[in-house]
>>> print(open('upload38.pdb').read())   # PDB, C-alpha atoms and all ligand atoms
ATOM      1  CA  MET A  41       2.572  -7.217 -24.534
ATOM      2  CA  ALA A  42       0.030  -5.723 -22.148
ATOM      3  CA  ARG A  43      -2.008  -8.255 -20.237
ATOM      4  CA  THR A  44      -5.659  -7.623 -19.499
ATOM      5  CA  THR A  45      -6.658  -8.911 -16.084
ATOM      6  CA  ALA A  46     -10.112  -8.968 -14.525
ATOM      7  CA  CYS A  47     -10.133  -6.987 -11.281
ATOM      8  CA  PRO A  48     -13.283  -6.777  -9.158
ATOM      9  CA  PHE A  49     -12.693  -3.301  -7.762
ATOM     10  CA  LEU A  50     -12.656  -1.810 -11.242
ATOM     11  CA  SER A  51     -16.310  -2.631 -11.776
ATOM     12  CA  PRO A  52     -18.421   0.522 -12.011
ATOM     13  CA  GLN A  53     -21.295  -1.533 -10.546
ATOM     14  CA  ARG A  54     -19.440  -1.914  -7.262
ATOM     15  CA  PRO A  55     -21.553  -0.385  -4.441
ATOM     16  CA  VAL A  56     -20.402   3.064  -3.394
ATOM     17  CA  ARG A  57     -19.199   3.121   0.186
ATOM     18  CA  ALA A  58     -19.028   6.232   2.356
ATOM     19  CA  PRO A  59     -15.627   7.904   2.143
ATOM     20  CA  GLY A  60     -13.331   8.615   5.073
ATOM     21  CA  PHE A  61     -14.213  10.658   8.099
ATOM     22  CA  ARG A  62     -12.374  12.279  10.939
ATOM     23  CA  PRO A  63     -12.865  10.478  14.251
ATOM     24  CA  ASP A  64     -13.600  13.740  16.039
ATOM     25  CA  GLY A  65     -15.865  14.967  13.264
ATOM     26  CA  THR A  66     -13.851  18.135  12.775
ATOM     27  CA  ASP A  67     -13.073  19.658   9.445
ATOM     28  CA  ARG A  68      -9.510  20.860   8.986
ATOM     29  CA  LEU A  69      -9.286  23.041   5.968
ATOM     30  CA  GLY A  70      -6.247  23.729   3.902
ATOM     31  CA  HIS A  71      -5.662  20.129   2.908
ATOM     32  CA  VAL A  72      -7.005  19.015  -0.442
ATOM     33  CA  GLU A  73      -7.751  15.506   0.771
ATOM     34  CA  ARG A  74      -9.916  16.769   3.604
ATOM     35  CA  GLN A  75     -12.736  18.359   1.695
ATOM     36  CA  HIS A  76     -15.546  16.325   3.238
ATOM     37  CA  ARG A  77     -17.722  19.130   4.589
ATOM     38  CA  ASP A  78     -20.863  17.934   2.867
ATOM     39  CA  GLU A  79     -20.427  14.308   3.880
ATOM     40  CA  GLU A  80     -22.202  12.559   6.687
ATOM     41  CA  VAL A  81     -20.233  12.422   9.956
ATOM     42  CA  ARG A  82     -20.539   9.061  11.653
ATOM     43  CA  PRO A  83     -19.733   8.183  15.262
ATOM     44  CA  PRO A  84     -16.231   6.708  15.506
ATOM     45  CA  ASP A  85     -17.362   3.372  16.914
ATOM     46  CA  GLY A  86     -20.191   2.862  14.438
ATOM     47  CA  THR A  87     -22.790   2.770  17.194
ATOM     48  CA  GLY A  88     -26.295   4.115  16.777
ATOM     49  CA  SER A  89     -29.270   2.723  14.965
ATOM     50  CA  GLY A  90     -28.315   1.305  11.619
ATOM     51  CA  ALA A  91     -24.929   3.026  11.612
ATOM     52  CA  PRO A  92     -22.371   1.397   9.350
ATOM     53  CA  PRO A  93     -19.227   0.092  11.021
ATOM     54  CA  ALA A  94     -16.507   2.660  11.646
ATOM     55  CA  ARG A  95     -13.915   3.017   8.922
ATOM     56  CA  ARG A  96     -10.668   1.285   9.913
ATOM     57  CA  PRO A  97      -8.206   1.632   7.077
ATOM     58  CA  TRP A  98      -4.904   0.014   6.320
ATOM     59  CA  VAL A  99      -2.262   2.710   6.067
ATOM     60  CA  VAL A 100      -0.242   2.075   2.920
ATOM     61  CA  GLY A 101       3.089   3.888   2.862
ATOM     62  CA  VAL A 102       4.879   4.045  -0.472
ATOM     63  CA  SER A 103       8.531   4.995   0.020
ATOM     64  CA  GLY A 104      11.221   5.747  -2.543
ATOM     65  CA  ALA A 105      12.566   2.267  -3.247
ATOM     66  CA  SER A 106      12.200   0.773  -6.682
ATOM     67  CA  GLY A 107       9.027  -1.308  -6.874
ATOM     68  CA  THR A 108       6.011   0.960  -7.294
ATOM     69  CA  PRO A 109       4.213  -1.929  -9.101
ATOM     70  CA  TYR A 110       4.247  -3.790  -5.767
ATOM     71  CA  ALA A 111       2.403  -0.891  -4.173
ATOM     72  CA  ALA A 112      -0.126  -0.759  -7.011
ATOM     73  CA  ALA A 113      -0.797  -4.498  -6.704
ATOM     74  CA  VAL A 114      -1.287  -4.231  -2.934
ATOM     75  CA  LEU A 115      -3.627  -1.268  -3.324
ATOM     76  CA  ARG A 116      -5.725  -3.019  -5.980
ATOM     77  CA  ALA A 117      -6.015  -6.145  -3.840
ATOM     78  CA  LEU A 118      -6.906  -4.266  -0.652
ATOM     79  CA  LEU A 119      -9.699  -2.440  -2.474
ATOM     80  CA  ALA A 120     -10.872  -5.649  -4.123
ATOM     81  CA  ALA A 121     -11.080  -7.197  -0.629
ATOM     82  CA  GLY A 122     -13.315  -4.318   0.503
ATOM     83  CA  GLU A 123     -10.639  -2.777   2.734
ATOM     84  CA  SER A 124     -10.253   0.954   3.273
ATOM     85  CA  VAL A 125      -6.877   2.515   2.586
ATOM     86  CA  ASP A 126      -5.080   5.600   3.859
ATOM     87  CA  LEU A 127      -2.352   6.321   1.327
ATOM     88  CA  VAL A 128       0.932   8.105   2.014
ATOM     89  CA  VAL A 129       3.409   8.545  -0.844
ATOM     90  CA  SER A 130       6.830   9.836   0.222
ATOM     91  CA  ARG A 131       8.574  12.604  -1.680
ATOM     92  CA  ALA A 132      11.186  10.177  -2.965
ATOM     93  CA  ALA A 133       8.475   7.723  -4.056
ATOM     94  CA  ARG A 134       7.247  10.340  -6.508
ATOM     95  CA  LEU A 135      10.608  10.001  -8.274
ATOM     96  CA  THR A 136      10.420   6.209  -8.473
ATOM     97  CA  LEU A 137       6.798   6.399  -9.603
ATOM     98  CA  LEU A 138       7.748   8.883 -12.312
ATOM     99  CA  ASP A 139      10.682   6.709 -13.347
ATOM    100  CA  GLU A 140       8.742   3.424 -13.365
ATOM    101  CA  THR A 141       5.391   4.572 -14.767
ATOM    102  CA  GLY A 142       5.791   8.088 -16.146
ATOM    103  CA  ILE A 143       3.177   9.337 -13.660
ATOM    104  CA  SER A 144       3.762  12.588 -11.753
ATOM    105  CA  PHE A 145       1.923  12.024  -8.478
ATOM    106  CA  ARG A 146       0.388  15.303  -7.317
ATOM    107  CA  ASP A 147      -1.242  15.879  -3.919
ATOM    108  CA  ALA A 148      -3.797  18.215  -5.476
ATOM    109  CA  HIS A 149      -4.769  15.654  -8.128
ATOM    110  CA  TRP A 150      -4.121  12.437  -6.258
ATOM    111  CA  ARG A 151      -7.357  10.766  -7.354
ATOM    112  CA  ASP A 152      -6.598  11.216 -11.050
ATOM    113  CA  ASP A 153      -2.981  10.164 -10.605
ATOM    114  CA  LEU A 154      -3.854   7.158  -8.455
ATOM    115  CA  ARG A 155      -6.489   5.993 -10.959
ATOM    116  CA  ASP A 156      -3.931   6.254 -13.739
ATOM    117  CA  TRP A 157      -1.370   4.344 -11.651
ATOM    118  CA  LEU A 158      -3.674   1.511 -10.573
ATOM    119  CA  ALA A 159      -4.855   0.871 -14.116
ATOM    120  CA  ARG A 160      -1.258   0.237 -15.210
ATOM    121  CA  GLY A 161       0.502  -3.085 -15.097
ATOM    122  CA  ALA A 162       3.961  -3.861 -13.805
ATOM    123  CA  ASP A 163       5.438  -2.817 -17.151
ATOM    124  CA  GLY A 164       4.007   0.673 -16.633
ATOM    125  CA  LYS A 165       1.750   0.456 -19.654
ATOM    126  CA  PRO A 166      -1.810   1.819 -19.374
ATOM    127  CA  GLY A 167      -4.798  -0.460 -19.872
ATOM    128  CA  THR A 168      -3.518  -3.623 -18.187
ATOM    129  CA  PHE A 169      -6.183  -3.334 -15.498
ATOM    130  CA  GLY A 170      -8.797  -1.625 -17.623
ATOM    131  CA  SER A 171      -9.447   2.054 -18.086
ATOM    132  CA  SER A 172      -8.274   4.437 -15.382
ATOM    133  CA  ALA A 173     -11.776   5.966 -15.416
ATOM    134  CA  GLY A 174     -13.101   2.626 -14.127
ATOM    135  CA  VAL A 175     -10.892   2.570 -11.027
ATOM    136  CA  VAL A 176     -13.097   2.977  -7.954
ATOM    137  CA  LEU A 177     -11.378   4.861  -5.115
ATOM    138  CA  ASP A 178     -14.231   5.263  -2.624
ATOM    139  CA  GLY A 179     -12.269   3.423   0.060
ATOM    140  CA  VAL A 180      -9.141   5.533  -0.333
ATOM    141  CA  ARG A 181      -8.058   8.579   1.582
ATOM    142  CA  HIS A 182      -4.829  10.365   0.743
ATOM    143  CA  TRP A 183      -2.551  12.213   3.122
ATOM    144  CA  ALA A 184       0.388  14.361   2.032
ATOM    145  CA  ALA A 185       3.731  12.975   3.175
ATOM    146  CA  GLY A 186       4.659  16.234   4.873
ATOM    147  CA  ASP A 187       1.406  16.421   6.839
ATOM    148  CA  LEU A 188       2.474  15.453  10.341
ATOM    149  CA  ALA A 189      -0.959  16.438  11.673
ATOM    150  CA  ALA A 190      -2.669  13.827   9.466
ATOM    151  CA  GLY A 191      -4.870  11.131  10.975
ATOM    152  CA  PRO A 192      -2.330   8.264  10.858
ATOM    153  CA  SER A 193       0.183  10.347  12.828
ATOM    154  CA  SER A 194      -1.821   9.626  15.996
ATOM    155  CA  GLY A 195      -2.402   6.338  17.756
ATOM    156  CA  SER A 196      -5.971   7.370  18.486
ATOM    157  CA  TYR A 197      -6.736   7.367  14.761
ATOM    158  CA  PRO A 198      -8.486   4.081  14.005
ATOM    159  CA  ALA A 199      -6.227   2.076  11.686
ATOM    160  CA  LYS A 200      -5.852  -1.663  11.246
ATOM    161  CA  GLY A 201      -2.125  -1.483  10.663
ATOM    162  CA  MET A 202       0.374  -0.356   8.080
ATOM    163  CA  LEU A 203       2.057  -1.763   5.002
ATOM    164  CA  ILE A 204       5.221  -0.056   3.735
ATOM    165  CA  VAL A 205       5.534  -1.122   0.136
ATOM    166  CA  PRO A 206       8.103  -0.797  -1.218
ATOM    167  CA  ALA A 207      10.240   0.112   1.793
ATOM    168  CA  SER A 208      13.451   2.004   1.099
ATOM    169  CA  THR A 209      16.487   1.407   3.280
ATOM    170  CA  ALA A 210      16.073   5.033   4.357
ATOM    171  CA  SER A 211      12.557   4.338   5.633
ATOM    172  CA  VAL A 212      13.776   1.119   7.283
ATOM    173  CA  ALA A 213      16.477   3.094   9.089
ATOM    174  CA  GLY A 214      14.110   5.909  10.002
ATOM    175  CA  VAL A 215      11.371   3.667  11.351
ATOM    176  CA  SER A 216      13.813   1.493  13.282
ATOM    177  CA  LEU A 217      15.141   4.636  14.995
ATOM    178  CA  GLY A 218      11.701   6.169  15.506
ATOM    179  CA  LEU A 219      12.846   9.169  13.458
ATOM    180  CA  SER A 220       9.410  10.258  12.193
ATOM    181  CA  LYS A 221      10.966  12.541   9.584
ATOM    182  CA  ASP A 222       7.729  12.486   7.573
ATOM    183  CA  LEU A 223       4.189  11.117   7.847
ATOM    184  CA  LEU A 224       5.171   7.705   6.485
ATOM    185  CA  GLN A 225       7.794   7.215   9.179
ATOM    186  CA  ARG A 226       5.595   8.697  11.907
ATOM    187  CA  ALA A 227       2.647   6.467  10.960
ATOM    188  CA  ALA A 228       4.946   3.427  11.086
ATOM    189  CA  SER A 229       6.214   4.375  14.538
ATOM    190  CA  VAL A 230       2.621   4.867  15.671
ATOM    191  CA  THR A 231       1.698   1.448  14.268
ATOM    192  CA  LEU A 232       4.477  -0.169  16.305
ATOM    193  CA  LYS A 233       3.722   1.671  19.521
ATOM    194  CA  GLU A 234       0.050   0.750  19.253
ATOM    195  CA  GLY A 235       0.954  -2.908  18.697
ATOM    196  CA  ARG A 236      -0.727  -3.005  15.295
ATOM    197  CA  PRO A 237       0.565  -5.053  12.377
ATOM    198  CA  LEU A 238       3.383  -3.431  10.407
ATOM    199  CA  VAL A 239       4.679  -5.064   7.233
ATOM    200  CA  VAL A 240       7.912  -3.697   5.785
ATOM    201  CA  ALA A 241       8.484  -4.809   2.182
ATOM    202  CA  VAL A 242      12.112  -3.760   1.890
ATOM    203  CA  ARG A 243      13.634  -3.488  -1.610
ATOM    204  CA  GLU A 244      17.357  -3.170  -1.928
ATOM    205  CA  THR A 245      20.234  -5.387  -2.952
ATOM    206  CA  PRO A 246      22.799  -6.064  -1.647
ATOM    207  CA  LEU A 247      21.912  -5.169   1.916
ATOM    208  CA  SER A 248      24.487  -3.387   4.068
ATOM    209  CA  GLY A 249      25.163  -4.500   7.625
ATOM    210  CA  GLN A 250      23.641  -1.214   8.734
ATOM    211  CA  THR A 251      20.351  -2.013   7.008
ATOM    212  CA  LEU A 252      20.405  -5.603   8.251
ATOM    213  CA  LYS A 253      20.746  -4.328  11.827
ATOM    214  CA  ALA A 254      17.837  -1.936  11.268
ATOM    215  CA  LEU A 255      15.744  -4.811   9.884
ATOM    216  CA  VAL A 256      16.524  -6.940  12.945
ATOM    217  CA  ALA A 257      15.463  -4.007  15.132
ATOM    218  CA  LEU A 258      12.167  -3.797  13.238
ATOM    219  CA  ASP A 259      11.645  -7.537  13.601
ATOM    220  CA  GLU A 260      12.283  -7.282  17.335
ATOM    221  CA  ALA A 261       9.853  -4.377  17.553
ATOM    222  CA  GLY A 262       7.120  -6.586  16.105
ATOM    223  CA  ALA A 263       7.167  -5.732  12.409
ATOM    224  CA  VAL A 264       7.048  -8.340   9.664
ATOM    225  CA  VAL A 265      10.138  -7.822   7.523
ATOM    226  CA  LEU A 266       9.148  -9.002   4.074
ATOM    227  CA  PRO A 267      11.799  -8.577   1.372
ATOM    228  CA  ALA A 268      10.299  -7.836  -2.037
ATOM    229  CA  SER A 269      11.604 -11.165  -3.263
ATOM    230  CA  PRO A 270       9.423 -12.979  -5.796
ATOM    231  CA  ALA A 271       9.377 -16.787  -5.959
ATOM    232  CA  PHE A 272       9.197 -18.886  -9.107
ATOM    233  CA  TYR A 273       7.254 -21.912  -7.867
ATOM    234  CA  SER A 274       3.823 -20.485  -8.526
ATOM    235  CA  GLY A 275       4.062 -20.578 -12.311
ATOM    236  CA  ALA A 276       4.879 -16.985 -13.216
ATOM    237  CA  THR A 277       4.734 -16.288 -16.940
ATOM    238  CA  HIS A 278       4.657 -12.483 -16.809
ATOM    239  CA  ILE A 279       6.352  -9.765 -14.793
ATOM    240  CA  GLN A 280       2.940  -8.997 -13.240
ATOM    241  CA  ASP A 281       2.818 -12.528 -11.802
ATOM    242  CA  LEU A 282       6.094 -11.937  -9.979
ATOM    243  CA  VAL A 283       4.811  -8.619  -8.659
ATOM    244  CA  ASP A 284       1.530 -10.218  -7.580
ATOM    245  CA  PHE A 285       3.399 -12.946  -5.699
ATOM    246  CA  VAL A 286       5.137 -10.356  -3.502
ATOM    247  CA  ALA A 287       1.929  -8.344  -3.111
ATOM    248  CA  GLY A 288       0.101 -11.539  -2.136
ATOM    249  CA  ARG A 289       2.691 -12.399   0.516
ATOM    250  CA  ILE A 290       2.292  -8.862   1.936
ATOM    251  CA  LEU A 291      -1.465  -9.388   2.166
ATOM    252  CA  ASP A 292      -0.880 -12.838   3.718
ATOM    253  CA  ALA A 293       1.190 -11.143   6.423
ATOM    254  CA  ALA A 294      -1.651  -8.674   6.997
ATOM    255  CA  GLY A 295      -4.319 -11.396   7.025
ATOM    256  CA  VAL A 296      -6.195  -9.950   4.052
ATOM    257  CA  PRO A 297      -7.718 -12.560   1.698
ATOM    258  CA  HIS A 298      -6.711 -12.449  -1.962
ATOM    259  CA  THR A 299      -6.165 -14.579  -5.044
ATOM    260  CA  LEU A 300      -3.011 -12.909  -6.280
ATOM    261  CA  TYR A 301      -0.825 -15.987  -6.657
ATOM    262  CA  ARG A 302      -1.051 -19.755  -6.847
ATOM    263  CA  ARG A 303      -0.168 -21.259  -3.466
ATOM    264  CA  TRP A 304       2.207 -24.160  -3.014
ATOM    265  CA  GLU A 305       0.206 -27.375  -2.760
ATOM    266  CA  GLY A 306       2.956 -29.870  -2.016
ATOM    267  CA  GLU A 307       3.512 -31.106  -5.552
ATOM    268  CA  LEU A 308       6.763 -30.444  -7.385
ATOM    269  CA  GLY A 309       6.023 -29.023 -10.823
ATOM    270  CA  GLY A 310       2.376 -28.439  -9.869
ATOM    271  CA  SER A 311       2.401 -24.953 -11.327
ATOM    272  CA  ARG A 312       3.281 -26.422 -14.731
ATOM    273  CA  GLY A 313       0.209 -28.605 -14.586
ATOM    274  CA  GLY A 314       1.938 -31.878 -13.841
ATOM    275  CA  GLY A 315       4.259 -33.791 -11.497
ATOM    276  CA  THR A 316       7.945 -34.464 -11.820
ATOM    277  CA  THR A 317       7.770 -37.740 -13.728
TER     278      THR A 317
HETATM  279  C1  LIG B   1      14.930   5.661  -9.400
HETATM  280  C2  LIG B   1      15.306   5.418  -7.957
HETATM  281  C3  LIG B   1      15.330   4.131  -7.464
HETATM  282  C4  LIG B   1      15.668   3.885  -6.137
HETATM  283  N1  LIG B   1      15.633   2.592  -5.690
HETATM  284  C5  LIG B   1      15.871   2.347  -4.390
HETATM  285  C6  LIG B   1      15.749   1.009  -3.887
HETATM  286  O1  LIG B   1      15.419   0.067  -4.597
HETATM  287  N2  LIG B   1      15.940   0.821  -2.559
HETATM  288  C7  LIG B   1      16.258   1.842  -1.713
HETATM  289  O2  LIG B   1      16.390   1.595  -0.510
HETATM  290  N3  LIG B   1      16.397   3.132  -2.161
HETATM  291  C8  LIG B   1      16.219   3.395  -3.475
HETATM  292  N4  LIG B   1      16.320   4.685  -3.953
HETATM  293  C9  LIG B   1      16.797   5.739  -3.037
HETATM  294  C10 LIG B   1      15.668   6.323  -2.169
HETATM  295  O3  LIG B   1      14.703   6.935  -2.981
HETATM  296  C11 LIG B   1      16.290   7.348  -1.210
HETATM  297  O4  LIG B   1      17.085   6.684  -0.244
HETATM  298  C12 LIG B   1      15.262   8.184  -0.517
HETATM  299  O5  LIG B   1      15.910   9.016   0.419
HETATM  300  C13 LIG B   1      14.203   7.377   0.214
HETATM  301  O6  LIG B   1      13.357   8.260   0.896
HETATM  302  P1  LIG B   1      11.992   7.779   1.575
HETATM  303  O7  LIG B   1      12.317   6.616   2.451
HETATM  304  O8  LIG B   1      11.553   8.974   2.355
HETATM  305  O9  LIG B   1      11.031   7.462   0.514
HETATM  306  C14 LIG B   1      16.000   4.956  -5.285
HETATM  307  C15 LIG B   1      15.972   6.258  -5.777
HETATM  308  C16 LIG B   1      15.619   6.485  -7.098
HETATM  309  C17 LIG B   1      15.579   7.905  -7.599
END
>>> encode(input="upload38.pdb", output="structure tokens")
Amino acid sequence: MARTTACPFLSPQRPVRAPGFRPDGTDRLGHVERQHRDEEVRPPDGTGSGAPPARRPWVVGVSGASGTPYAAAVLRALLAAGESVDLVVSRAARLTLLDETGISFRDAHWRDDLRDWLARGADGKPGTFGSSAGVVLDGVRHWAAGDLAAGPSSGSYPAKGMLIVPASTASVAGVSLGLSKDLLQRAASVTLKEGRPLVVAVRETPLSGQTLKALVALDEAGAVVLPASPAFYSGATHIQDLVDFVAGRILDAAGVPHTLYRRWEGELGGSRGGGTT
């Protein structure tokens, strides 16, 4: 049964924030997500009288591991927390998204497809998080996975850090080697070289020795390796609760406030509303 959950970012009353901008103020045509010619260009550091602070997004990389509901939960929570997001969906992730939700994610129609995705629950059914028309995406900018000239491919692009959710073993291997075979992997390498937070929510089981070595390399390089591994102590009653637990731990690692799961409070059985007696 679909669960209806209140979600602050879905409110149409939410104030509209200025969309993304290029730090150098240039306009690079030929990319559907870059059609901002009629939008105000702000200085990159937010200086000037009354200028709003510069946009500093979290880069969210969705790779082709199973677990697109984890990505949706992270995206909803980031937007609810007032964070900006730069979204990169790998080619393989389009297959998992299609398989897990029925959504064909198209670069040219990413807003429509993302709205549809974020309104769906972990079971892939529409309506769990309200109507897709109510999903507010002002804080989101999308970059095509093959666009190696995109903003997040440079360390000078102002980003807070990057969350790879879910992370395939292929992306784990690629990032650990600095392969940069697509924008997702390049943005992750940039995040590491700039010393920014990188959270890698790997989803695979069992894990080969090869992948374990790559995960150790990522840990040593400064990433947080966060297996998409839900816990059962916070009182989950629905698949969405398990998804939200993992999404909440990802946001914990990034230092973004949220209310996605019930935290452990030191009392056995606390999530069932009582002690152990
Ligand atoms: C339906 C489906 C589910 C998959 N699930 C996983 C998975 O859970 N973990 C994983 O590492 N790869 C999984 N894969 C394989 C990856 O998609 C594949 O390795 C791909 O090359 C990853 O590319 P990317 O890292 O560029 O997204 C899955 C593929 C499909 C089609």
>>> resolve_selection(input="upload38.pdb", expression="the PyMOL selection byres (((chain A and resi 100-113) around 8) and not hetatm)", output="number ranges by chain")
A: 98-99, 114-117, 125-137, 140, 157-158, 161-162, 164, 202-209, 211, 224, 242-244, 283-284, 286-287
>>> axis_aligned_box(input="upload38.pdb", around="range 104-121 of chain A", padding_each_side="4 Å", output="lines of an AutoDock Vina configuration file")
center_x = 0.7
center_y = -0.7
center_z = -4.9
size_x = 31.6
size_y = 20.9
size_z = 16.5
>>> resolve_selection(input="upload38.pdb", expression="the PyMOL selection byres (((chain A and resi 145-154) around 8) and not hetatm)", output="PyMOL selection string")
chain A and resi 72-73+134+137-138+143-144+155-158+177+182+184
>>> atom_distance(input="upload38.pdb", atom1="CA of Val212 in chain A", atom2="CA of Ala254 in chain A")
6.5 Å
>>> atom_distance(input="upload38.pdb", atom1="CA of Gly275 in chain A", atom2="CA of Pro246 in chain A")
26.0 Å
>>> atom_distance(input="upload38.pdb", atom1="CA of Gly295 in chain A", atom2="CA of Ala263 in chain A")
13.9 Å
>>> residues_around(input="upload38.pdb", residues="Arg303 in chain A", least_positions_apart="5", cutoff="12 Å", atoms="all atoms listed in the file", output="list in words")
Ala271, Phe272, Tyr273, Ser274, Gly275, Ala276, Asp284, Phe285, Gly288, Arg289, Asp292, His298, Gly310 and Ser311 of chain A
>>> residues_around(input="upload38.pdb", residues="Lys221 in chain A", least_positions_apart="2", cutoff="10 Å", atoms="all atoms listed in the file", output="list in words")
Ala185, Gly186, Leu188, Ser211, Gly214, Val215, Gly218, Leu219, Leu223, Leu224, Gln225 and Arg226 of chain A
>>> write_last_selection(input="upload38.pdb", atoms="C-alpha atoms", output="PDB file, in the coordinates of the input")
ATOM      1  CA  ALA A 185       3.731  12.975   3.175  1.00  0.00           C
ATOM      2  CA  GLY A 186       4.659  16.234   4.873  1.00  0.00           C
ATOM      3  CA  LEU A 188       2.474  15.453  10.341  1.00  0.00           C
ATOM      4  CA  SER A 211      12.557   4.338   5.633  1.00  0.00           C
ATOM      5  CA  GLY A 214      14.110   5.909  10.002  1.00  0.00           C
ATOM      6  CA  VAL A 215      11.371   3.667  11.351  1.00  0.00           C
ATOM      7  CA  GLY A 218      11.701   6.169  15.506  1.00  0.00           C
ATOM      8  CA  LEU A 219      12.846   9.169  13.458  1.00  0.00           C
ATOM      9  CA  LEU A 223       4.189  11.117   7.847  1.00  0.00           C
ATOM     10  CA  LEU A 224       5.171   7.705   6.485  1.00  0.00           C
ATOM     11  CA  GLN A 225       7.794   7.215   9.179  1.00  0.00           C
ATOM     12  CA  ARG A 226       5.595   8.697  11.907  1.00  0.00           C
TER      13      ARG A 226
END
>>> closest_residue(input="upload38.pdb", among="A:Gly201, A:Gly235, A:Gly122, A:Pro267", to="ligand LIG 1 (chain B)", atoms="only C-alpha atoms and all ligand atoms")
A:Pro267
>>> resolve_selection(input="upload38.pdb", expression="the PyMOL selection byres (((chain A and resi 265) around 6) and not hetatm)", output="MDAnalysis selection string")
chainID A and resid 240 264 266
>>> closest_residue(input="upload38.pdb", among="A:Lys165, A:Gln280, A:Ala213, A:Arg96", to="ligand LIG 1 (chain B)", atoms="all atoms listed in the file")
A:Ala213
>>> build_atoms(input="upload38.pdb", residues="range 163-175 of chain A", atoms="N, CA and C atoms", output="PDB file, in the frame of the given file")
ATOM      1  N   ASP A 163       4.576  -3.383 -16.112  1.00  0.00           N
ATOM      2  CA  ASP A 163       5.438  -2.817 -17.151  1.00  0.00           C
ATOM      3  C   ASP A 163       5.180  -1.327 -17.354  1.00  0.00           C
ATOM      4  N   GLY A 164       4.274  -0.762 -16.570  1.00  0.00           N
ATOM      5  CA  GLY A 164       4.007   0.673 -16.633  1.00  0.00           C
ATOM      6  C   GLY A 164       3.068   1.084 -17.744  1.00  0.00           C
ATOM      7  N   LYS A 165       2.616   0.090 -18.519  1.00  0.00           N
ATOM      8  CA  LYS A 165       1.750   0.456 -19.654  1.00  0.00           C
ATOM      9  C   LYS A 165       0.297   0.612 -19.205  1.00  0.00           C
ATOM     10  N   PRO A 166      -0.400   1.631 -19.725  1.00  0.00           N
ATOM     11  CA  PRO A 166      -1.810   1.819 -19.374  1.00  0.00           C
ATOM     12  C   PRO A 166      -2.671   0.688 -19.925  1.00  0.00           C
ATOM     13  N   GLY A 167      -3.807   0.466 -19.313  1.00  0.00           N
ATOM     14  CA  GLY A 167      -4.798  -0.460 -19.872  1.00  0.00           C
ATOM     15  C   GLY A 167      -4.707  -1.887 -19.376  1.00  0.00           C
ATOM     16  N   THR A 168      -3.662  -2.239 -18.657  1.00  0.00           N
ATOM     17  CA  THR A 168      -3.518  -3.623 -18.187  1.00  0.00           C
ATOM     18  C   THR A 168      -4.669  -3.997 -17.262  1.00  0.00           C
ATOM     19  N   PHE A 169      -5.084  -3.072 -16.421  1.00  0.00           N
ATOM     20  CA  PHE A 169      -6.183  -3.334 -15.498  1.00  0.00           C
ATOM     21  C   PHE A 169      -7.411  -2.488 -15.873  1.00  0.00           C
ATOM     22  N   GLY A 170      -7.628  -2.351 -17.146  1.00  0.00           N
ATOM     23  CA  GLY A 170      -8.797  -1.625 -17.623  1.00  0.00           C
ATOM     24  C   GLY A 170      -8.516  -0.135 -17.724  1.00  0.00           C
ATOM     25  N   SER A 171      -9.589   0.611 -17.914  1.00  0.00           N
ATOM     26  CA  SER A 171      -9.447   2.054 -18.086  1.00  0.00           C
ATOM     27  C   SER A 171      -9.297   2.729 -16.725  1.00  0.00           C
ATOM     28  N   SER A 172      -8.463   3.750 -16.662  1.00  0.00           N
ATOM     29  CA  SER A 172      -8.274   4.437 -15.382  1.00  0.00           C
ATOM     30  C   SER A 172      -9.591   5.030 -14.894  1.00  0.00           C
ATOM     31  N   ALA A 173     -10.481   5.393 -15.819  1.00  0.00           N
ATOM     32  CA  ALA A 173     -11.776   5.966 -15.416  1.00  0.00           C
ATOM     33  C   ALA A 173     -12.616   4.950 -14.638  1.00  0.00           C
ATOM     34  N   GLY A 174     -12.334   3.666 -14.819  1.00  0.00           N
ATOM     35  CA  GLY A 174     -13.101   2.626 -14.127  1.00  0.00           C
ATOM     36  C   GLY A 174     -12.578   2.285 -12.752  1.00  0.00           C
ATOM     37  N   VAL A 175     -11.464   2.888 -12.343  1.00  0.00           N
ATOM     38  CA  VAL A 175     -10.892   2.570 -11.027  1.00  0.00           C
ATOM     39  C   VAL A 175     -11.714   3.256  -9.939  1.00  0.00           C
TER      40      VAL A 175
END
